[in-house]
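**Q** One structure, pasted below without further comment.
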Amino acid sequence: MLALNSSTLVQMKNMLAQGWRPVLVIILLLILWEISSRLLDIPTWLLPSPTEIAREGVTSWANYQHHLFSTTKLSVIGFVIGVSVGLLIAVILHLLPTVRQAFYPLLILSQNIPIIVLAPLLVIWFGFGVLPKVLIITLVCFFPIAVATLDGFRQTNQELLHYMRMAGATKGQIFRKLELPHALPSIFSGLKISATYSVMGAVISEWLGANQGIGVYMTLAQSSFRTDRVFVAIVFIMILCLVFFGLIIALEKLLIKWRATEGE
Amino acid sequence: MSELVVEGVTKSFSGKKVLDNISFTVQEGEFVSLLGPSGSGKSTLFHLIGGLFGPDAGNFYLDGNKINGKRGAISYTPQSPSLLPWRTVLDNVVLGAEIFAKPDRPQARMMLEKAGLAGYEDAYPHHLSGGMRQRVAFVRALLSPQDFICLDEPFSALDEFTRLEMQQWLLSIWEQNRKSVLFVTHNIEEAIHLSDRIIVLSSNPATVKREFTIPFERPRDQALLLSEEMLQWKKQIYQELQT
């Protein structure tokens, strides 16, 4: 336990030591943007400067914070449902190979339909409530999880599988003791992709019709040429994605302690 | 303790005969080696004994019971140690037992200590050297409820020094427990050093060529490896493999 703590400490130090590089690049880009928008005298409705965006972000916090919470809530609900559906599909398709053969192509087809096309249809069928929005997020979230998890199951080490079978393990024991823990790193790869998709899915679903959310705020800002507000929305979408991503990496570190740092 | 009888086993894969009419027995508490060139179908034979597939012809009996296609009757360790990377050493050695009942952890700790693995109970496999992983795999086989142990070239990936050390270690642990062991190897010296009997296999398809009974007293030590008799046996078996 002590050794583990010290190793996480070292990792954090490394992150701090290396983290300044991207931060520096971002700061330099912002400075460049600020200077050019002042020197070239670009109108605010076309491209607001970073300071103008920041000022808007701070002063109108009270006006848009409910949009922010609404989108966060929607993303989390959609993400949880999407991930559960994805995991469930992966487990079913893995345990029942004939079902996998029948449904796998359908799974891929479901991703070929652009979400922008599908979303209005869902609104026609289910109205403007929460249901069509959650459905959209689920649709974009479940696929990365399902595919990554299935791949994780299928890549189970053959020798370990032989060992378990010859030791007399049942199908259920093989699944619980071998295949599921083996697929855990793959599941986390899927989770990271799904997390960012869920925010995107939430914003898209809000464009279609909602009374609050970052998507609504963005549409309103855009139609009244408040470009600074559009940028505020973009910044918060990025922050939300980063927070989700960070939470999942933290969970991964917690659950997959055994992973060899240099690889087996 | 248990006794394995292999009776006229034949197996083909996609029209190619891999095993041809193989018969031999392993007595209670006996250490028998299958010696043959690499790729002579030895691993296939293990997969058949372990019940992964059924033989095309012939039978396997364990203590008189037919075990064709029956899994869980023997304890098997594949060529690689096959430890679960997310389990600690202690959790890995109880795996074989855990499949059938609640594992006895205090006993597992004791066994690890005897096997020279004290202090590594909570380490993960990737922290261990190749030789230590093989020790863990063998302790797992000993702790498994099955009384018959199959080892598939366990030391083939180790360097010469570690291999000798591991042979000696295996002998000392095995002499305390005396479960029946069927050991596959392509190393003549290793087979003589460890076994009561050696069954020489030919390849393509594998058949039993000849059986040798090794008369050396137990416990055996490393001095045996340099003795005159060892050389005689080695010569004899080498000639058998050549023809």
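So you can find residues: chains in the structure tokens are A, B, ... in the order shown, residues in each start at 1, and ligands are numbered from 1 in order.
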Taking only residues of chain A that have an atom at most 10 Å from an atom of chain B, what is each one's shortest atom pair and its distance in Å to one decimal, using only C-alpha atoms, in chain and number order, as CSV?
**A**
```
residue,atom,partner,partner_atom,distance
A:Asn157,CA,B:Ser82,CA,8.9
A:Gln158,CA,B:Ser82,CA,9.6
A:Glu159,CA,B:Ser82,CA,6.5
A:Leu160,CA,B:Ser82,CA,5.4
A:Leu161,CA,B:Ser82,CA,9.1
A:His162,CA,B:Leu52,CA,7.7
A:Tyr163,CA,B:Tyr76,CA,6.6
A:Met164,CA,B:Gly96,CA,8.2
A:Arg165,CA,B:Arg71,CA,6.8
A:Met166,CA,B:Gly50,CA,5.1
A:Ala167,CA,B:Gly72,CA,4.5
A:Gly168,CA,B:Gly72,CA,3.5
A:Ala169,CA,B:Ile99,CA,5.9
A:Thr170,CA,B:Ile99,CA,8.3
A:Gln173,CA,B:Ile99,CA,7.4
A:Ile174,CA,B:Ile99,CA,9.5
A:Lys177,CA,B:Leu84,CA,9.0
A:Leu178,CA,B:Leu84,CA,7.6
A:Pro181,CA,B:Trp86,CA,7.5
A:His182,CA,B:Trp86,CA,8.2
A:Leu255,CA,B:Trp86,CA,10.0
A:Ile256,CA,B:Trp86,CA,7.7
A:Lys257,CA,B:Trp86,CA,7.8
A:Trp258,CA,B:Trp86,CA,5.0
A:Arg259,CA,B:Trp86,CA,7.2
A:Ala260,CA,B:His126,CA,6.2
A:Thr261,CA,B:His126,CA,9.3
A:Glu262,CA,B:His126,CA,9.4
A:Gly263,CA,B:His126,CA,8.4
A:Glu264,CA,B:His126,CA,6.5
```
**Q** Which residues in stretch 6-226 of chain A does DSSP call alpha helix (DSSP H)? List them as a short mmCIF file (atom, residue, chain, number, x, y, z; two decimals) with C-alpha atoms, in the first residue's frame.
**A**
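Resulting contents of states.cif:
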```
data_model
loop_
_atom_site.label_atom_id
_atom_site.label_comp_id
_atom_site.auth_asym_id
_atom_site.auth_seq_id
_atom_site.Cartn_x
_atom_site.Cartn_y
_atom_site.Cartn_z
CA SER A 6 4.73 6.52 -3.45
CA SER A 7 4.43 5.35 -7.04
CA THR A 8 1.30 7.46 -7.58
CA LEU A 9 3.20 10.38 -6.08
CA VAL A 10 6.00 9.88 -8.57
CA GLN A 11 3.46 9.74 -11.38
CA MET A 12 1.90 13.00 -10.23
CA LYS A 13 5.30 14.64 -10.11
CA ASN A 14 5.97 13.42 -13.64
CA MET A 15 2.66 14.86 -14.79
CA LEU A 16 3.52 18.23 -13.26
CA ALA A 17 7.00 18.12 -14.75
CA GLN A 18 5.69 17.38 -18.24
CA GLY A 19 2.32 19.15 -18.01
CA TRP A 20 3.75 22.66 -18.45
CA ARG A 21 4.49 22.07 -22.14
CA PRO A 22 0.88 21.87 -23.43
CA VAL A 23 -0.13 24.62 -20.99
CA LEU A 24 2.60 26.86 -22.39
CA VAL A 25 1.46 26.19 -25.98
CA ILE A 26 -2.14 27.07 -25.09
CA ILE A 27 -1.09 30.29 -23.34
CA LEU A 28 1.08 31.28 -26.32
CA LEU A 29 -1.80 30.66 -28.73
CA LEU A 30 -4.16 32.74 -26.58
CA ILE A 31 -1.66 35.61 -26.46
CA LEU A 32 -1.25 35.45 -30.24
CA TRP A 33 -5.04 35.51 -30.66
CA GLU A 34 -5.42 38.46 -28.26
CA ILE A 35 -2.69 40.52 -29.96
CA SER A 36 -3.92 39.86 -33.50
CA SER A 37 -7.54 40.62 -32.70
CA ARG A 38 -6.48 43.95 -31.16
CA LEU A 39 -3.99 44.93 -33.87
CA PRO A 50 -9.89 35.81 -25.37
CA THR A 51 -10.27 38.54 -22.76
CA GLU A 52 -13.71 39.47 -24.07
CA ILE A 53 -14.74 35.82 -23.94
CA ALA A 54 -13.40 35.50 -20.40
CA ARG A 55 -15.21 38.68 -19.30
CA GLU A 56 -18.49 37.39 -20.75
CA GLY A 57 -17.87 34.02 -19.09
CA VAL A 58 -17.46 35.63 -15.67
CA THR A 59 -20.10 38.40 -15.80
CA TRP A 61 -22.34 33.24 -15.09
CA ALA A 62 -25.69 33.67 -13.37
CA ASN A 63 -27.45 33.82 -16.75
CA TYR A 64 -26.13 30.59 -18.19
CA GLN A 65 -25.11 28.39 -15.27
CA HIS A 66 -28.44 26.52 -15.33
CA HIS A 67 -27.74 25.60 -18.97
CA LEU A 68 -24.43 24.15 -17.87
CA PHE A 69 -25.89 22.00 -15.11
CA SER A 70 -28.65 20.78 -17.36
CA THR A 71 -26.18 19.61 -20.00
CA THR A 72 -23.93 18.00 -17.40
CA LYS A 73 -26.88 16.10 -15.97
CA LEU A 74 -28.05 15.02 -19.41
CA SER A 75 -24.54 13.86 -20.40
CA VAL A 76 -24.11 11.83 -17.23
CA ILE A 77 -27.52 10.15 -17.53
CA GLY A 78 -26.95 9.41 -21.22
CA PHE A 79 -23.42 8.18 -20.55
CA VAL A 80 -24.47 5.80 -17.78
CA ILE A 81 -27.32 4.37 -19.85
CA GLY A 82 -25.19 4.18 -23.01
CA VAL A 83 -22.35 2.42 -21.20
CA SER A 84 -24.72 -0.05 -19.53
CA VAL A 85 -26.35 -0.85 -22.86
CA GLY A 86 -22.93 -1.19 -24.53
CA LEU A 87 -21.62 -3.55 -21.84
CA LEU A 88 -24.80 -5.60 -21.88
CA ILE A 89 -24.68 -5.95 -25.68
CA ALA A 90 -20.99 -6.95 -25.54
CA VAL A 91 -21.60 -9.61 -22.88
CA ILE A 92 -24.62 -11.06 -24.72
CA LEU A 93 -22.87 -11.12 -28.09
CA HIS A 94 -19.80 -12.70 -26.50
CA LEU A 95 -21.60 -15.44 -24.60
CA PRO A 97 -21.76 -16.62 -30.66
CA THR A 98 -24.74 -17.30 -32.97
CA VAL A 99 -26.39 -14.08 -31.80
CA ARG A 100 -23.11 -12.29 -32.45
CA GLN A 101 -23.00 -13.53 -36.04
CA ALA A 102 -26.56 -12.38 -36.59
CA PHE A 103 -26.36 -8.97 -34.94
CA TYR A 104 -22.78 -7.73 -35.33
CA PRO A 105 -23.39 -6.25 -38.82
CA LEU A 106 -26.47 -4.48 -37.46
CA LEU A 107 -24.33 -2.98 -34.72
CA ILE A 108 -22.01 -1.44 -37.29
CA LEU A 109 -24.92 -0.30 -39.47
CA SER A 110 -26.36 1.59 -36.50
CA GLN A 111 -23.24 3.75 -36.55
CA ASN A 112 -23.39 4.49 -40.27
CA ILE A 115 -26.75 11.26 -35.79
CA ILE A 116 -27.85 14.60 -37.26
CA VAL A 117 -30.22 12.71 -39.55
CA LEU A 118 -31.48 10.38 -36.87
CA ALA A 119 -32.10 13.05 -34.25
CA PRO A 120 -35.07 14.81 -35.95
CA LEU A 121 -36.68 11.39 -36.45
CA LEU A 122 -36.39 10.66 -32.76
CA VAL A 123 -37.99 14.02 -31.99
CA ILE A 124 -40.91 13.17 -34.32
CA TRP A 125 -41.39 9.85 -32.55
CA PHE A 126 -40.74 10.81 -28.94
CA VAL A 130 -35.76 13.81 -22.10
CA LEU A 131 -36.32 10.44 -23.80
CA PRO A 132 -35.19 11.31 -27.36
CA LYS A 133 -32.15 13.14 -25.96
CA VAL A 134 -31.09 10.21 -23.82
CA LEU A 135 -31.66 7.93 -26.82
CA ILE A 136 -29.31 10.04 -28.95
CA ILE A 137 -26.57 10.00 -26.32
CA THR A 138 -27.05 6.26 -25.81
CA LEU A 139 -26.74 5.71 -29.54
CA VAL A 140 -23.40 7.53 -29.75
CA CYS A 141 -22.09 6.10 -26.46
CA PHE A 142 -22.86 2.40 -26.60
CA PHE A 143 -20.90 1.60 -29.74
CA PRO A 144 -17.33 2.38 -28.60
CA ILE A 145 -17.95 0.46 -25.38
CA ALA A 146 -19.55 -2.53 -27.05
CA VAL A 147 -16.82 -2.88 -29.69
CA ALA A 148 -13.92 -2.32 -27.28
CA THR A 149 -15.36 -4.79 -24.76
CA LEU A 150 -16.01 -7.44 -27.42
CA ASP A 151 -12.45 -7.06 -28.67
CA GLY A 152 -11.19 -7.37 -25.10
CA PHE A 153 -13.11 -10.63 -24.65
CA ARG A 154 -11.91 -12.03 -27.94
CA GLN A 158 -5.36 -18.74 -25.44
CA GLU A 159 -3.02 -20.47 -23.00
CA LEU A 160 -4.88 -19.01 -20.02
CA LEU A 161 -8.11 -20.17 -21.62
CA HIS A 162 -6.69 -23.70 -22.06
CA TYR A 163 -5.54 -23.71 -18.47
CA MET A 164 -8.95 -22.66 -17.17
CA ARG A 165 -10.80 -25.17 -19.34
CA MET A 166 -8.57 -28.10 -18.42
CA LYS A 171 -18.25 -21.18 -18.79
CA GLY A 172 -19.41 -18.79 -16.09
CA GLN A 173 -16.21 -19.17 -14.09
CA ILE A 174 -14.10 -18.60 -17.18
CA LEU A 180 -13.96 -10.06 -17.72
CA PRO A 181 -10.80 -8.94 -15.88
CA HIS A 182 -8.85 -9.52 -19.08
CA ALA A 183 -11.16 -7.15 -20.98
CA LEU A 184 -11.00 -4.41 -18.33
CA PRO A 185 -8.26 -2.33 -20.02
CA SER A 186 -10.20 -2.50 -23.31
CA ILE A 187 -13.39 -1.48 -21.54
CA PHE A 188 -11.62 1.60 -20.23
CA SER A 189 -10.44 2.54 -23.74
CA GLY A 190 -14.08 2.40 -24.80
CA LEU A 191 -15.17 4.43 -21.76
CA LYS A 192 -12.75 7.24 -22.59
CA ILE A 193 -14.14 7.58 -26.11
CA SER A 194 -17.75 7.30 -24.92
CA ALA A 195 -17.25 9.97 -22.26
CA THR A 196 -16.32 12.63 -24.79
CA TYR A 197 -19.03 11.42 -27.18
CA SER A 198 -21.66 11.75 -24.47
CA VAL A 199 -21.05 15.51 -24.10
CA MET A 200 -21.16 15.93 -27.87
CA GLY A 201 -24.35 13.86 -28.04
CA ALA A 202 -25.96 15.96 -25.31
CA VAL A 203 -25.21 19.25 -27.08
CA ILE A 204 -26.49 17.95 -30.43
CA SER A 205 -29.67 16.64 -28.83
CA GLU A 206 -30.27 20.05 -27.25
CA TRP A 207 -30.00 21.81 -30.61
CA ILE A 214 -25.45 24.44 -23.56
CA GLY A 215 -26.88 23.49 -26.94
CA VAL A 216 -29.81 25.87 -26.45
CA TYR A 217 -27.53 28.64 -25.13
CA MET A 218 -25.30 28.19 -28.16
CA THR A 219 -28.18 28.36 -30.64
CA LEU A 220 -29.54 31.51 -28.98
CA ALA A 221 -26.12 33.14 -28.92
CA GLN A 222 -25.50 32.27 -32.54
CA SER A 223 -28.81 33.70 -33.81
#
```
**Q** Would you list the contacts of B:Ile199 as number ranges by chain, taking every protein, DNA or RNA residue within 9 Å and counting only C-alpha atoms, but skipping same-chain residues closer than 5 positions in sequence?
**A** B: 24, 32-36, 208-213
**Q** Given only C-alpha atoms as the basis, pick out the residue of B:Gln236, B:Ser12, B:Gln107, B:Ser23 nearest to B:Ile188.
**A** B:Gln236
**Q** Among stretch 6-228 of chain B, which residues does DSSP mark as strand (DSSP E or B) when it is run on the backbone? Keep the chain and numbering as in the structure and answer as a PyMOL selection string.
**A** chain B and resi 6-13+16-26+31-35+57-62+65-66+75-77+148-152+180-185+197-201+206+208-213
**Q** May I have the residues within 8 Å of stretch 54-60 of chain B as a PDB file with N, CA and C atoms, in the first residue's frame, using only C-alpha atoms and disregarding those fewer than 4 positions away in the same chain?
**A**
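The new file part.pdb reads:
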```
ATOM      1  N   LEU B   4      -2.673 -43.150 -14.265  1.00  0.00           N
ATOM      2  CA  LEU B   4      -3.214 -42.819 -15.588  1.00  0.00           C
ATOM      3  C   LEU B   4      -2.867 -43.931 -16.573  1.00  0.00           C
ATOM      4  N   VAL B   5      -3.866 -44.366 -17.329  1.00  0.00           N
ATOM      5  CA  VAL B   5      -3.620 -45.337 -18.391  1.00  0.00           C
ATOM      6  C   VAL B   5      -4.023 -44.700 -19.712  1.00  0.00           C
ATOM      7  N   VAL B   6      -3.064 -44.674 -20.644  1.00  0.00           N
ATOM      8  CA  VAL B   6      -3.350 -44.184 -21.991  1.00  0.00           C
ATOM      9  C   VAL B   6      -3.351 -45.404 -22.898  1.00  0.00           C
ATOM     10  N   GLU B   7      -4.449 -45.594 -23.638  1.00  0.00           N
ATOM     11  CA  GLU B   7      -4.637 -46.853 -24.340  1.00  0.00           C
ATOM     12  C   GLU B   7      -4.947 -46.607 -25.813  1.00  0.00           C
ATOM     13  N   GLY B   8      -3.951 -46.863 -26.651  1.00  0.00           N
ATOM     14  CA  GLY B   8      -4.141 -46.815 -28.109  1.00  0.00           C
ATOM     15  C   GLY B   8      -4.732 -45.531 -28.649  1.00  0.00           C
ATOM     16  N   VAL B   9      -4.205 -44.377 -28.176  1.00  0.00           N
ATOM     17  CA  VAL B   9      -4.820 -43.102 -28.563  1.00  0.00           C
ATOM     18  C   VAL B   9      -4.320 -42.626 -29.923  1.00  0.00           C
ATOM     19  N   THR B  10      -5.270 -42.294 -30.795  1.00  0.00           N
ATOM     20  CA  THR B  10      -4.969 -41.775 -32.127  1.00  0.00           C
ATOM     21  C   THR B  10      -5.739 -40.472 -32.304  1.00  0.00           C
ATOM     22  N   LYS B  11      -5.090 -39.482 -32.926  1.00  0.00           N
ATOM     23  CA  LYS B  11      -5.775 -38.200 -33.172  1.00  0.00           C
ATOM     24  C   LYS B  11      -5.237 -37.567 -34.455  1.00  0.00           C
ATOM     25  N   SER B  12      -6.149 -37.120 -35.293  1.00  0.00           N
ATOM     26  CA  SER B  12      -5.769 -36.396 -36.511  1.00  0.00           C
ATOM     27  C   SER B  12      -6.366 -35.004 -36.466  1.00  0.00           C
ATOM     28  N   ASN B  21      -1.717 -44.355 -32.216  1.00  0.00           N
ATOM     29  CA  ASN B  21      -1.751 -45.532 -31.346  1.00  0.00           C
ATOM     30  C   ASN B  21      -0.798 -45.418 -30.153  1.00  0.00           C
ATOM     31  N   LEU B  48      -5.617 -33.585 -25.026  1.00  0.00           N
ATOM     32  CA  LEU B  48      -6.551 -34.718 -25.028  1.00  0.00           C
ATOM     33  C   LEU B  48      -6.762 -35.252 -23.620  1.00  0.00           C
ATOM     34  N   ILE B  49      -5.647 -35.417 -22.876  1.00  0.00           N
ATOM     35  CA  ILE B  49      -5.782 -35.915 -21.498  1.00  0.00           C
ATOM     36  C   ILE B  49      -6.640 -34.951 -20.685  1.00  0.00           C
ATOM     37  N   LYS B  66     -12.933 -43.836 -17.079  1.00  0.00           N
ATOM     38  CA  LYS B  66     -12.671 -43.281 -18.405  1.00  0.00           C
ATOM     39  C   LYS B  66     -12.794 -41.754 -18.344  1.00  0.00           C
ATOM     40  N   ILE B  67     -11.788 -41.046 -18.831  1.00  0.00           N
ATOM     41  CA  ILE B  67     -11.843 -39.574 -18.760  1.00  0.00           C
ATOM     42  C   ILE B  67     -11.771 -38.939 -20.143  1.00  0.00           C
ATOM     43  N   ASN B  68     -12.131 -39.667 -21.205  1.00  0.00           N
ATOM     44  CA  ASN B  68     -12.144 -39.080 -22.555  1.00  0.00           C
ATOM     45  C   ASN B  68     -13.015 -37.823 -22.568  1.00  0.00           C
ATOM     46  N   GLY B  69     -12.437 -36.701 -22.997  1.00  0.00           N
ATOM     47  CA  GLY B  69     -13.221 -35.473 -23.142  1.00  0.00           C
ATOM     48  C   GLY B  69     -13.736 -34.900 -21.834  1.00  0.00           C
TER      49      GLY B  69
END
```
**Q** Quick one: everything within 6 Å of B:Ser40, counting only C-alpha atoms, minus sequence neighbours fewer than 2 positions away in the same chain. Send it as a PDB file with N, CA and C atoms, in the first residue's frame.
**A**
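Result written to result-v8.pdb:
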```pdb
ATOM      1  N   PRO B  37      11.078 -34.797 -30.029  1.00  0.00           N
ATOM      2  CA  PRO B  37      11.410 -33.524 -30.663  1.00  0.00           C
ATOM      3  C   PRO B  37      10.257 -32.533 -30.551  1.00  0.00           C
ATOM      4  N   SER B  38      10.576 -31.248 -30.648  1.00  0.00           N
ATOM      5  CA  SER B  38       9.527 -30.224 -30.596  1.00  0.00           C
ATOM      6  C   SER B  38       8.567 -30.430 -31.755  1.00  0.00           C
ATOM      7  N   LYS B  42       3.203 -33.509 -28.545  1.00  0.00           N
ATOM      8  CA  LYS B  42       3.137 -33.743 -27.104  1.00  0.00           C
ATOM      9  C   LYS B  42       2.078 -32.855 -26.452  1.00  0.00           C
ATOM     10  N   SER B 203       8.257 -38.477 -34.088  1.00  0.00           N
ATOM     11  CA  SER B 203       7.370 -37.408 -34.534  1.00  0.00           C
ATOM     12  C   SER B 203       6.770 -37.732 -35.895  1.00  0.00           C
ATOM     13  N   ALA B 206       3.231 -38.902 -33.918  1.00  0.00           N
ATOM     14  CA  ALA B 206       3.895 -39.357 -32.701  1.00  0.00           C
ATOM     15  C   ALA B 206       3.491 -40.793 -32.380  1.00  0.00           C
TER      16      ALA B 206
END
```
**Q** Tell me which protein, DNA and RNA residues are within 9 Å of B:Arg135, counting only C-alpha atoms, leaving out same-chain ones fewer than 2 positions away, and put them as a list in words.
**A**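 Once the adjacent positions are removed, what remains is Pro81, Leu112, Ala115, Gly116, Leu117, Gly130, Gly131, Met132, Arg133, Ala137, Phe138, Val139, Arg140, Met166, Trp169 and Leu170 of chain B.
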**Q** How far is it from atom CA of B:Ser195 to atom CA of B:Phe183, in Å with one decimal?
**A** 8.4 Å
**Q** Rounded to one decimal in Å, what is the spacing between atom CA of B:Leu45 and atom CA of B:Asn65?
**A**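 About the pair atom CA of B:Leu45 and atom CA of B:Asn65: they are 18.1 Å apart.
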